[in-house]
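K.L.:
Take this structure first; my questions come after.
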Amino acid sequence: MGKRFNTINGTDFMHMISTAGDNLNRNAGRVNALNVFPVPDGDTGTNMNMTLSSGVEEAGKRPNRHLGKAADAFSKGLLMGARGNSGVILSQLFRGFAKHVLNLEEAGPQQFAAAFQSGVDTAYKAVVKPVEGTILSVSREAARSAVAAARRGADCAEIMKAIVENGQAALNRTPDQLPVLKQVGVVDAGGQGLLFIYEGFLAALQGRIVSSPEAADDPGSPDIAGGKESPAAAAGRVHPSRPVQALLDAGGIEHGYCTEFMIRRPAPGKQPGRFHEASFRKEIAQFGDSLLVVADDDLVKIHIHAEHPGDVLNYAMQFGELTRIKIENMREQHSHIAEYGAAPFPPAAAQREVRETRDEPQAPLSGHGVVAIAAGQGISEIFTSLGADVVLSGGQTMNPSTEDIVKAVRRVQARTVFVLPNNSNIVMAAEQAKELVDDRELVIIPAKTIPQGIAAMVAFQRDASVQANEAAMNRSLGGVRSGQITYAVRDTEIDGISVRKGEYIGIMDNTIIVSRADRMEACKELLSAMIQTGEEVVTIYRGEDSAEEEADELEQYLIGKYPGLELEVHLGGQPVYAYLFSVE
Amino acid sequence: MSKVKIVTDSTADIPRELREFWGIGMVPLKVHFGAETFEDGVTIGSEQFFDRLAKAETLPTTSQPSPADFLEIYKSLMTEPDTELISIHLSSAFSGTYQSALLAKSMLEDPSRVTVIDSKSASYGIGLLAVAAAEAARQGKSAAECVEVIQRFRRETHVYFLVGSLEYLQKGGRIGKAAAVLGSLLNIKPILTIDGDGTVSPADKVRGHKKAMARIVDLLREKKGDRKVQFAVAHSNSPGLAEEMAALLREQLGADQVIYTTLGAVIGTHVGPGTVAAFIYPE
């Protein structure tokens, strides 16, 4: 089977991207597991998945036979929904693709291949320091082979096959290009995510369904070059039933379908009578959560989050005719996850797509403001108390999308908005947000950790000039050493440190420097590495996993060992990282 | 040749011996602990003030001298016919003292003999102007020339200070632009200064005491440039801090003679204990 694809139009494109979307969605966990850092928020898969979903959703809203228009919608969705560095690069890859086919109703093989090349060119331009052995180099090799295949006279399906094969080969080479990949024994996560997308495209063009993840357990799976896996990689390969996945989905969704409908009573052929709301609620509550029932005797309105919406509807049918049925796949929705810390926000928005308030400022905007990205109630309050106008939640396993950042920026009534990403995986999305806001000047201060962000916040002076603030905030980043304590989600060897799953790892400025079974020990060792003169200002932010007695013990230890230290302890309430340390 | 005399008020924090040496007149402001009223520097000194402050249930308040208070001092100083007065006072943004002095001047038979100057500063920032003027007067300079000296010193003088707590400035209503620093959950030490308007404003914010002291030294170094300068250190109830600051000035900025002074009751009411200030001014 398989149509001979001499041209690709908008409908074909839609089919390609939704197949790719499904494929990536099924395999997001596997991509997450490839993250070099064995930390609970290794989230390349999740980020790429959500980015792609956003693109597919946007394309789905504007279906078009015209390839250029379909690709444009896809590209816009990707741009807005881009999360994490890999998500941003993905959005740039398809931005270039869409640009190339903009005016084409359909693309022949040459145009198809050239569009992939255009994507690569755009993505390379967007990254300040392109690194070999990542999604960028994989995409580059793939595009090169596409162009070569087109020159040889291949049709679109054959071109796509060349992309997958050469992309896979390039992916297998990534451990040779990036030493840390070799050390840990994995291929690059972003590159793998891209391969899943390309495989989806190929499947669509070949008219078949992509194989399910159980098949991934066989030795032929593409985790490392030559099919031979190191023990570390084998240990790290994720099986869907492993608890690690539950951890990764912890911040995410258990009952995946938002289900709403109405029951018109009485059921046909039945007598009208009282509706027993209490027992109805009790029964239907078993199917999921977030239950809302509003009833009178002839109309019942139900809202529930269920994993099996069919079962809910089947149960409800006995009470009457079902009408106004609406079921949404919440895992494809992306924007309800972002929360805003600084100003009151209607709770319903947490469940639904964030509605942008159309604020037409009466007077022209002036002055400066700050948007900080952070998770944890206490951390959020600290940023607000230091003068941040909006605190955008970074989430547990999700990074905010470009659109989330744009919306946060628009809530600040100032002409110039400084953005503190506070996470190395959010910096690119923040930079991308710059292109999407034209009524405000955005200045991205590249803070890569919460302590850096806080230092930048202290340096910020609302009355100073933009240049002075930018200089002071940038300068402050180098004046603070950041430490993080979390737990390892798998065994690995990295930066010369042996890590066992479940141990507590200490990270200093994005390098793992210690892994211990005892959390106190890990804390003490990390702090000792961070403290140099013994006269510094040390701040401990304890997270939601920490205990007060533990923090007290740490305080005593520090005061005893370094009497000249100035110490502060705060309840940060952050998820995933039991402790954040800053040494200035 | 006319004789020029210098007058200031109690917030100038001029060390007693220095004030007596130069013969500088002083009009006291008032401090009120409940119903009890004290004359700053006359019936209550620094040490007694901070002792009482520590025990007080409610914060004391302060008030300016009345025009009559000024008039009395002015008249007593101008008994000789050719005497001219230069009256230098606390920033008008902080107090009505300057206004009172102006009113008193207008009530004189010959107001032209008195020049009233707004120091746009506080504490030794006023005192050093008075001392510079007194020195010029003793050298035989005319009133106009002394005023020029004061104006030059005022332009080229800077102060940076740390407070133990912003609460005193806040409650006393003199916090100015430093109000922006309030409410931070982290222990931020604002480095305060008095700007060109004569109000308090934050020069910088840092974390930690040592960094704050180091930052003050940096700021002073910037103001120093290539000039030959003098330094003074004032403190409220914190001789340790004063010594720490003076040591830094000596080690890092080559200061040889640092003038020490204590913050009086009125200034103390508004900045609270644990305050240290460093002044830099021309030679």
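In the structure tokens, each chain is lettered A, B, ... as it comes, each chain's residues begin at 1, and ligands are numbered from 1 in order of appearance.
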Just list the residues in region 123-195 of chain B DSSP gives strand (DSSP E) on the backbone, as a ChimeraX atom specification.
P.N.:
/B:158-162,188-194
K.L.:
Got a sec: who's within 9 Å of Thr8 (chain B), counting only C-alpha atoms, leaving out chain neighbours fewer than 5 positions off, as a PyMOL selection string?
P.N.:
chain B and resi 24-28+86-90+126-127+130
K.L.:
With N, CA and C atoms kept, could you save the residues just selected as a PDB file, in the first residue's frame?
P.N.:
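This is the output file selection24.pdb:
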ATOM      1  N   ILE B  24      31.031  77.933  67.049  1.00  0.00           N
ATOM      2  CA  ILE B  24      29.819  77.867  66.229  1.00  0.00           C
ATOM      3  C   ILE B  24      28.600  77.845  67.134  1.00  0.00           C
ATOM      4  N   GLY B  25      27.642  78.714  66.845  1.00  0.00           N
ATOM      5  CA  GLY B  25      26.417  78.767  67.635  1.00  0.00           C
ATOM      6  C   GLY B  25      25.507  77.595  67.305  1.00  0.00           C
ATOM      7  N   MET B  26      24.616  77.226  68.244  1.00  0.00           N
ATOM      8  CA  MET B  26      23.771  76.052  68.021  1.00  0.00           C
ATOM      9  C   MET B  26      22.366  76.299  68.552  1.00  0.00           C
ATOM     10  N   VAL B  27      21.363  76.089  67.726  1.00  0.00           N
ATOM     11  CA  VAL B  27      19.970  76.207  68.148  1.00  0.00           C
ATOM     12  C   VAL B  27      19.411  74.796  68.276  1.00  0.00           C
ATOM     13  N   PRO B  28      18.963  74.409  69.462  1.00  0.00           N
ATOM     14  CA  PRO B  28      18.527  73.017  69.621  1.00  0.00           C
ATOM     15  C   PRO B  28      17.107  72.743  69.104  1.00  0.00           C
ATOM     16  N   ILE B  86      25.920  83.631  59.484  1.00  0.00           N
ATOM     17  CA  ILE B  86      25.522  82.634  58.474  1.00  0.00           C
ATOM     18  C   ILE B  86      24.906  81.487  59.253  1.00  0.00           C
ATOM     19  N   SER B  87      23.647  81.186  58.923  1.00  0.00           N
ATOM     20  CA  SER B  87      22.867  80.209  59.691  1.00  0.00           C
ATOM     21  C   SER B  87      22.578  79.000  58.795  1.00  0.00           C
ATOM     22  N   ILE B  88      23.220  77.885  59.108  1.00  0.00           N
ATOM     23  CA  ILE B  88      23.115  76.699  58.224  1.00  0.00           C
ATOM     24  C   ILE B  88      22.299  75.621  58.909  1.00  0.00           C
ATOM     25  N   HIS B  89      21.298  75.066  58.168  1.00  0.00           N
ATOM     26  CA  HIS B  89      20.378  74.166  58.872  1.00  0.00           C
ATOM     27  C   HIS B  89      20.011  72.894  58.145  1.00  0.00           C
ATOM     28  N   LEU B  90      19.334  72.033  58.907  1.00  0.00           N
ATOM     29  CA  LEU B  90      18.844  70.739  58.440  1.00  0.00           C
ATOM     30  C   LEU B  90      18.009  70.881  57.166  1.00  0.00           C
ATOM     31  N   ILE B 126      25.715  68.710  57.735  1.00  0.00           N
ATOM     32  CA  ILE B 126      25.500  70.120  58.066  1.00  0.00           C
ATOM     33  C   ILE B 126      26.732  70.626  58.811  1.00  0.00           C
ATOM     34  N   GLY B 127      27.150  69.792  59.762  1.00  0.00           N
ATOM     35  CA  GLY B 127      28.278  70.184  60.615  1.00  0.00           C
ATOM     36  C   GLY B 127      29.519  70.544  59.829  1.00  0.00           C
ATOM     37  N   ALA B 130      29.345  73.925  58.389  1.00  0.00           N
ATOM     38  CA  ALA B 130      29.541  74.960  59.415  1.00  0.00           C
ATOM     39  C   ALA B 130      31.018  75.099  59.765  1.00  0.00           C
TER      40      ALA B 130
END
K.L.:
Which residues, written as an mmCIF file with C-alpha atoms, in the first residue's frame, have at least one atom at most 8 Å from Val164 (chain A), with only C-alpha atoms counted and residues fewer than 3 positions away on the same chain left out?
P.N.:
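After the write, part-v1.cif holds the following:
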data_model
loop_
_atom_site.group_PDB
_atom_site.id
_atom_site.type_symbol
_atom_site.label_atom_id
_atom_site.label_comp_id
_atom_site.auth_asym_id
_atom_site.auth_seq_id
_atom_site.Cartn_x
_atom_site.Cartn_y
_atom_site.Cartn_z
ATOM 1 C CA ALA A 142 18.353 14.971 7.878
ATOM 2 C CA MET A 160 10.944 11.351 4.153
ATOM 3 C CA LYS A 161 12.479 7.906 4.446
ATOM 4 C CA GLY A 167 18.394 11.520 11.044
ATOM 5 C CA GLN A 168 18.637 8.260 12.966
ATOM 6 C CA LEU A 195 13.176 11.489 15.198
ATOM 7 C CA TYR A 198 10.007 12.440 11.510
ATOM 8 C CA GLU A 199 8.901 8.823 12.000
ATOM 9 C CA LEU A 202 6.967 8.935 7.380
#
K.L.:
Find the residue from B:Ala144, B:Ala180, B:Leu103, B:Val7 that sits nearest to chain A; use only C-alpha atoms when measuring.
P.N.:
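So, comparing all the options, the nearest one is B:Ala180.
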K.L.:
Could you list, with a cut-off of 9 Å and counting only C-alpha atoms, the residues of chain B near chain A, each shown with its nearest atom pair and the distance in Å rounded to one decimal, rows sorted by chain and ascending number, as JSON lines?
P.N.:
{"residue": "B:Ala180", "atom": "CA", "partner": "A:Gly387", "partner_atom": "CA", "distance": 8.3}
{"residue": "B:Val181", "atom": "CA", "partner": "A:Leu386", "partner_atom": "CA", "distance": 7.6}
{"residue": "B:Leu182", "atom": "CA", "partner": "A:Ser385", "partner_atom": "CA", "distance": 8.4}
{"residue": "B:Gly183", "atom": "CA", "partner": "A:Ser385", "partner_atom": "CA", "distance": 5.9}
{"residue": "B:Ser184", "atom": "CA", "partner": "A:Ser385", "partner_atom": "CA", "distance": 4.6}
{"residue": "B:Leu185", "atom": "CA", "partner": "A:Ile382", "partner_atom": "CA", "distance": 5.6}
{"residue": "B:Leu186", "atom": "CA", "partner": "A:Ile382", "partner_atom": "CA", "distance": 6.9}
{"residue": "B:Asn187", "atom": "CA", "partner": "A:Glu568", "partner_atom": "CA", "distance": 7.7}
{"residue": "B:Ile188", "atom": "CA", "partner": "A:Val458", "partner_atom": "CA", "distance": 7.9}
{"residue": "B:Asp204", "atom": "CA", "partner": "A:Ala459", "partner_atom": "CA", "distance": 7.7}
{"residue": "B:Lys205", "atom": "CA", "partner": "A:Val458", "partner_atom": "CA", "distance": 6.4}
{"residue": "B:Val206", "atom": "CA", "partner": "A:Val458", "partner_atom": "CA", "distance": 7.0}
{"residue": "B:Arg207", "atom": "CA", "partner": "A:Val537", "partner_atom": "CA", "distance": 7.0}
{"residue": "B:Gly208", "atom": "CA", "partner": "A:Val537", "partner_atom": "CA", "distance": 5.8}
{"residue": "B:His209", "atom": "CA", "partner": "A:Glu566", "partner_atom": "CA", "distance": 8.0}
{"residue": "B:Lys210", "atom": "CA", "partner": "A:Glu535", "partner_atom": "CA", "distance": 8.2}
{"residue": "B:Lys211", "atom": "CA", "partner": "A:Val537", "partner_atom": "CA", "distance": 8.6}
K.L.:
Can you spit out the residues from that selection as a tab-separated table (two decimals), in the first residue's frame, using C-alpha atoms?
P.N.:
chain	number	residue	atom	x	y	z
B	180	ALA	CA	10.75	51.25	47.59
B	181	VAL	CA	13.01	48.95	49.56
B	182	LEU	CA	10.45	48.24	52.27
B	183	GLY	CA	8.65	44.96	52.52
B	184	SER	CA	11.31	42.75	51.09
B	185	LEU	CA	11.17	39.28	52.61
B	186	LEU	CA	14.87	38.85	52.17
B	187	ASN	CA	17.34	40.59	54.42
B	188	ILE	CA	18.30	43.41	52.10
B	204	ASP	CA	22.07	50.65	46.15
B	205	LYS	CA	20.78	47.44	47.69
B	206	VAL	CA	22.94	44.55	48.80
B	207	ARG	CA	22.63	41.42	50.85
B	208	GLY	CA	24.73	41.07	53.93
B	209	HIS	CA	26.48	43.49	56.20
B	210	LYS	CA	30.01	42.97	54.91
B	211	LYS	CA	28.90	43.53	51.36
K.L.:
If you count only C-alpha atoms, which residues fall within 7 Å of Ile194 (chain B), apart from same-chain ones fewer than 6 positions away, as a ChimeraX atom specification?
P.N.:
/B:121,159,200-201
K.L.:
Using only C-alpha atoms, which of the listed residues (B:Arg19, B:Glu283, B:Asp9, B:Thr62) sits closest to Gly172 (chain B)?
P.N.:
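Of B:Arg19, B:Glu283, B:Asp9, B:Thr62, the one nearest Gly172 (chain B) is B:Thr62, counting only C-alpha atoms.
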K.L.:
Would you please extract all helix (DSSP H, G or I) residues from region 15-228 of chain B, as assigned by DSSP on the backbone, and give them as a ChimeraX atom specification?
P.N.:
/B:16-22,46-55,67-77,97-106,111-113,124-138,143-156,167-172,176-181,209-224
K.L.:
Which residues are close to Glu36 (chain B), i.e. within 12 Å by only C-alpha atoms, leaving aside same-chain residues fewer than 3 positions away? Reply as a tab-separated table (two decimals) with N, CA and C atoms, in the first residue's frame.
P.N.:
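The resulting file, out.tsv, is shown below:
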chain	number	residue	atom	x	y	z
B	30	LYS	N	13.85	69.92	69.38
B	30	LYS	CA	13.29	69.29	70.57
B	30	LYS	C	12.89	67.85	70.32
B	31	VAL	N	13.04	67.04	71.36
B	31	VAL	CA	12.62	65.64	71.32
B	31	VAL	C	11.56	65.45	72.39
B	32	HIS	N	10.48	64.75	72.03
B	32	HIS	CA	9.39	64.54	72.99
B	32	HIS	C	9.19	63.06	73.26
B	33	PHE	N	9.38	62.67	74.52
B	33	PHE	CA	9.01	61.32	74.94
B	33	PHE	C	7.70	61.47	75.70
B	39	GLU	N	15.68	69.27	75.08
B	39	GLU	CA	16.37	70.03	74.06
B	39	GLU	C	17.55	69.18	73.58
B	43	THR	N	19.61	69.27	76.95
B	43	THR	CA	19.10	68.54	78.11
B	43	THR	C	19.05	67.03	77.88
B	44	ILE	N	19.37	66.60	76.67
B	44	ILE	CA	19.51	65.16	76.44
B	44	ILE	C	20.65	64.93	75.45
B	52	ARG	N	16.96	55.69	76.57
B	52	ARG	CA	15.52	55.90	76.72
B	52	ARG	C	14.75	55.30	75.56
B	60	PRO	N	9.53	58.31	70.25
B	60	PRO	CA	9.51	59.75	70.53
B	60	PRO	C	9.23	60.53	69.25
B	61	THR	N	8.88	61.78	69.42
B	61	THR	CA	8.69	62.65	68.25
B	61	THR	C	9.65	63.83	68.37
B	62	THR	N	9.78	64.55	67.27
B	62	THR	CA	10.71	65.68	67.27
B	62	THR	C	10.00	66.94	66.78
K.L.:
Tell me, as a CSV table (one decimal) with N, CA and C atoms, in the first residue's frame, which residues lie within 8 Å of Leu85 (chain B), counting only C-alpha atoms; anything in the same chain fewer than 3 positions away does not count.
P.N.:
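For reference, out_16.csv as written:
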chain,number,residue,atom,x,y,z
B,4,VAL,N,32.3,87.6,60.9
B,4,VAL,CA,31.3,86.6,60.4
B,4,VAL,C,31.3,85.5,61.5
B,5,LYS,N,30.0,85.2,61.9
B,5,LYS,CA,29.8,84.1,62.9
B,5,LYS,C,28.9,83.1,62.2
B,6,ILE,N,29.2,81.9,62.7
B,6,ILE,CA,28.4,80.7,62.1
B,6,ILE,C,27.4,80.2,63.2
B,7,VAL,N,26.2,79.9,62.7
B,7,VAL,CA,25.2,79.3,63.6
B,7,VAL,C,24.7,78.1,62.9
B,74,TYR,N,20.2,84.6,67.5
B,74,TYR,CA,20.7,85.6,66.6
B,74,TYR,C,21.1,86.9,67.3
B,78,MET,N,24.8,88.9,67.7
B,78,MET,CA,25.0,90.0,66.9
B,78,MET,C,25.1,91.3,67.8
B,113,ARG,N,21.9,91.2,57.6
B,113,ARG,CA,23.1,90.7,58.3
B,113,ARG,C,23.1,89.2,58.5
B,114,VAL,N,21.9,88.6,58.2
B,114,VAL,CA,21.9,87.1,58.4
B,114,VAL,C,21.6,86.4,57.0
B,115,THR,N,22.4,85.4,56.8
B,115,THR,CA,22.1,84.6,55.6
B,115,THR,C,21.8,83.2,56.1
B,143,ALA,N,31.4,87.6,54.5
B,143,ALA,CA,30.2,86.7,54.6
B,143,ALA,C,29.9,86.1,53.2
K.L.:
Compare B:Ser76, B:Thr275, B:Ser91, B:Thr262 by their minimum atom-to-atom distance to Leu169 (chain B), counting only C-alpha atoms, and give me the closest one.
P.N.:
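Nearest candidate to Leu169 (chain B) out of B:Ser76, B:Thr275, B:Ser91, B:Thr262: B:Thr275.
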K.L.:
One decimal, Å: what's the distance from CA of Leu104 (chain A) over to CA of Leu79 (chain A), could you say?
P.N.:
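If I compute the distance from CA of Leu104 (chain A) to CA of Leu79 (chain A), I get 20.9 Å.
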K.L.:
Can you tell me which residues surround region 14-16 of chain A at a distance of at most 8 Å, considering only C-alpha atoms, apart from same-chain residues fewer than 6 positions away, and format the answer as a PDB file with N, CA and C atoms, in the first residue's frame?
P.N.:
ATOM      1  N   VAL A  56      -0.249  21.328  16.398  1.00  0.00           N
ATOM      2  CA  VAL A  56      -1.287  20.500  15.779  1.00  0.00           C
ATOM      3  C   VAL A  56      -2.663  21.100  16.061  1.00  0.00           C
ATOM      4  N   ALA A  59      -3.206  24.149  13.896  1.00  0.00           N
ATOM      5  CA  ALA A  59      -3.438  23.741  12.507  1.00  0.00           C
ATOM      6  C   ALA A  59      -4.843  23.167  12.370  1.00  0.00           C
ATOM      7  N   GLY A  60      -5.276  22.448  13.390  1.00  0.00           N
ATOM      8  CA  GLY A  60      -6.605  21.850  13.370  1.00  0.00           C
ATOM      9  C   GLY A  60      -7.712  22.884  13.368  1.00  0.00           C
ATOM     10  N   PRO A  63      -8.137  24.330   9.223  1.00  0.00           N
ATOM     11  CA  PRO A  63      -7.792  23.313   8.218  1.00  0.00           C
ATOM     12  C   PRO A  63      -7.831  23.921   6.812  1.00  0.00           C
ATOM     13  N   ALA A  70      -1.746  25.838   5.769  1.00  0.00           N
ATOM     14  CA  ALA A  70      -1.752  24.830   6.830  1.00  0.00           C
ATOM     15  C   ALA A  70      -0.454  24.887   7.617  1.00  0.00           C
ATOM     16  N   GLY A 200       6.793   9.829  12.559  1.00  0.00           N
ATOM     17  CA  GLY A 200       5.359  10.047  12.406  1.00  0.00           C
ATOM     18  C   GLY A 200       5.028  10.532  10.997  1.00  0.00           C
ATOM     19  N   PHE A 201       5.843  11.480  10.506  1.00  0.00           N
ATOM     20  CA  PHE A 201       5.631  11.995   9.149  1.00  0.00           C
ATOM     21  C   PHE A 201       5.716  10.848   8.140  1.00  0.00           C
ATOM     22  N   LEU A 202       6.734  10.026   8.322  1.00  0.00           N
ATOM     23  CA  LEU A 202       6.967   8.935   7.380  1.00  0.00           C
ATOM     24  C   LEU A 202       5.786   7.967   7.392  1.00  0.00           C
ATOM     25  N   ALA A 203       5.332   7.634   8.591  1.00  0.00           N
ATOM     26  CA  ALA A 203       4.201   6.713   8.710  1.00  0.00           C
ATOM     27  C   ALA A 203       2.987   7.257   7.973  1.00  0.00           C
ATOM     28  N   ALA A 204       2.738   8.552   8.122  1.00  0.00           N
ATOM     29  CA  ALA A 204       1.587   9.151   7.447  1.00  0.00           C
ATOM     30  C   ALA A 204       1.733   9.029   5.930  1.00  0.00           C
ATOM     31  N   LEU A 205       2.962   9.284   5.456  1.00  0.00           N
ATOM     32  CA  LEU A 205       3.187   9.258   4.012  1.00  0.00           C
ATOM     33  C   LEU A 205       3.183   7.838   3.463  1.00  0.00           C
TER      34      LEU A 205
END
K.L.:
Rounded to one decimal, what separation in Å do you get between CA of Pro364 (chain A) and CA of Lys76 (chain A)?
P.N.:
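Rounded to one decimal, the two atoms are 28.2 Å apart.
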K.L.:
Quick one: distance from CA of Leu299 (chain A) to CA of Arg264 (chain A) in Å, one decimal?
P.N.:
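Value for the CA of Leu299 (chain A)-CA of Arg264 (chain A) distance: 5.0 Å.
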K.L.:
Considering only C-alpha atoms, state which residue in the set B:Leu18, B:Leu219, B:Leu166, B:Ala136 is at the smallest distance from Phe153 (chain B).
P.N.:
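For Phe153 (chain B), the nearest of the candidates is B:Ala136.
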K.L.:
Between A:Gly269, A:Pro309, A:Pro451, A:Gly256, which residue has the minimum interatomic distance to Met330 (chain A), considering only C-alpha atoms?
P.N.:
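Checking each candidate against Met330 (chain A), we get A:Gly256 as the closest.
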K.L.:
Pick the closest to Gly125 (chain B) from B:Phe70, B:Phe49, B:Tyr160, B:Tyr98: which is it, counting only C-alpha atoms?
P.N.:
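Residue with the minimum atom-to-atom distance to Gly125 (chain B): B:Tyr160.
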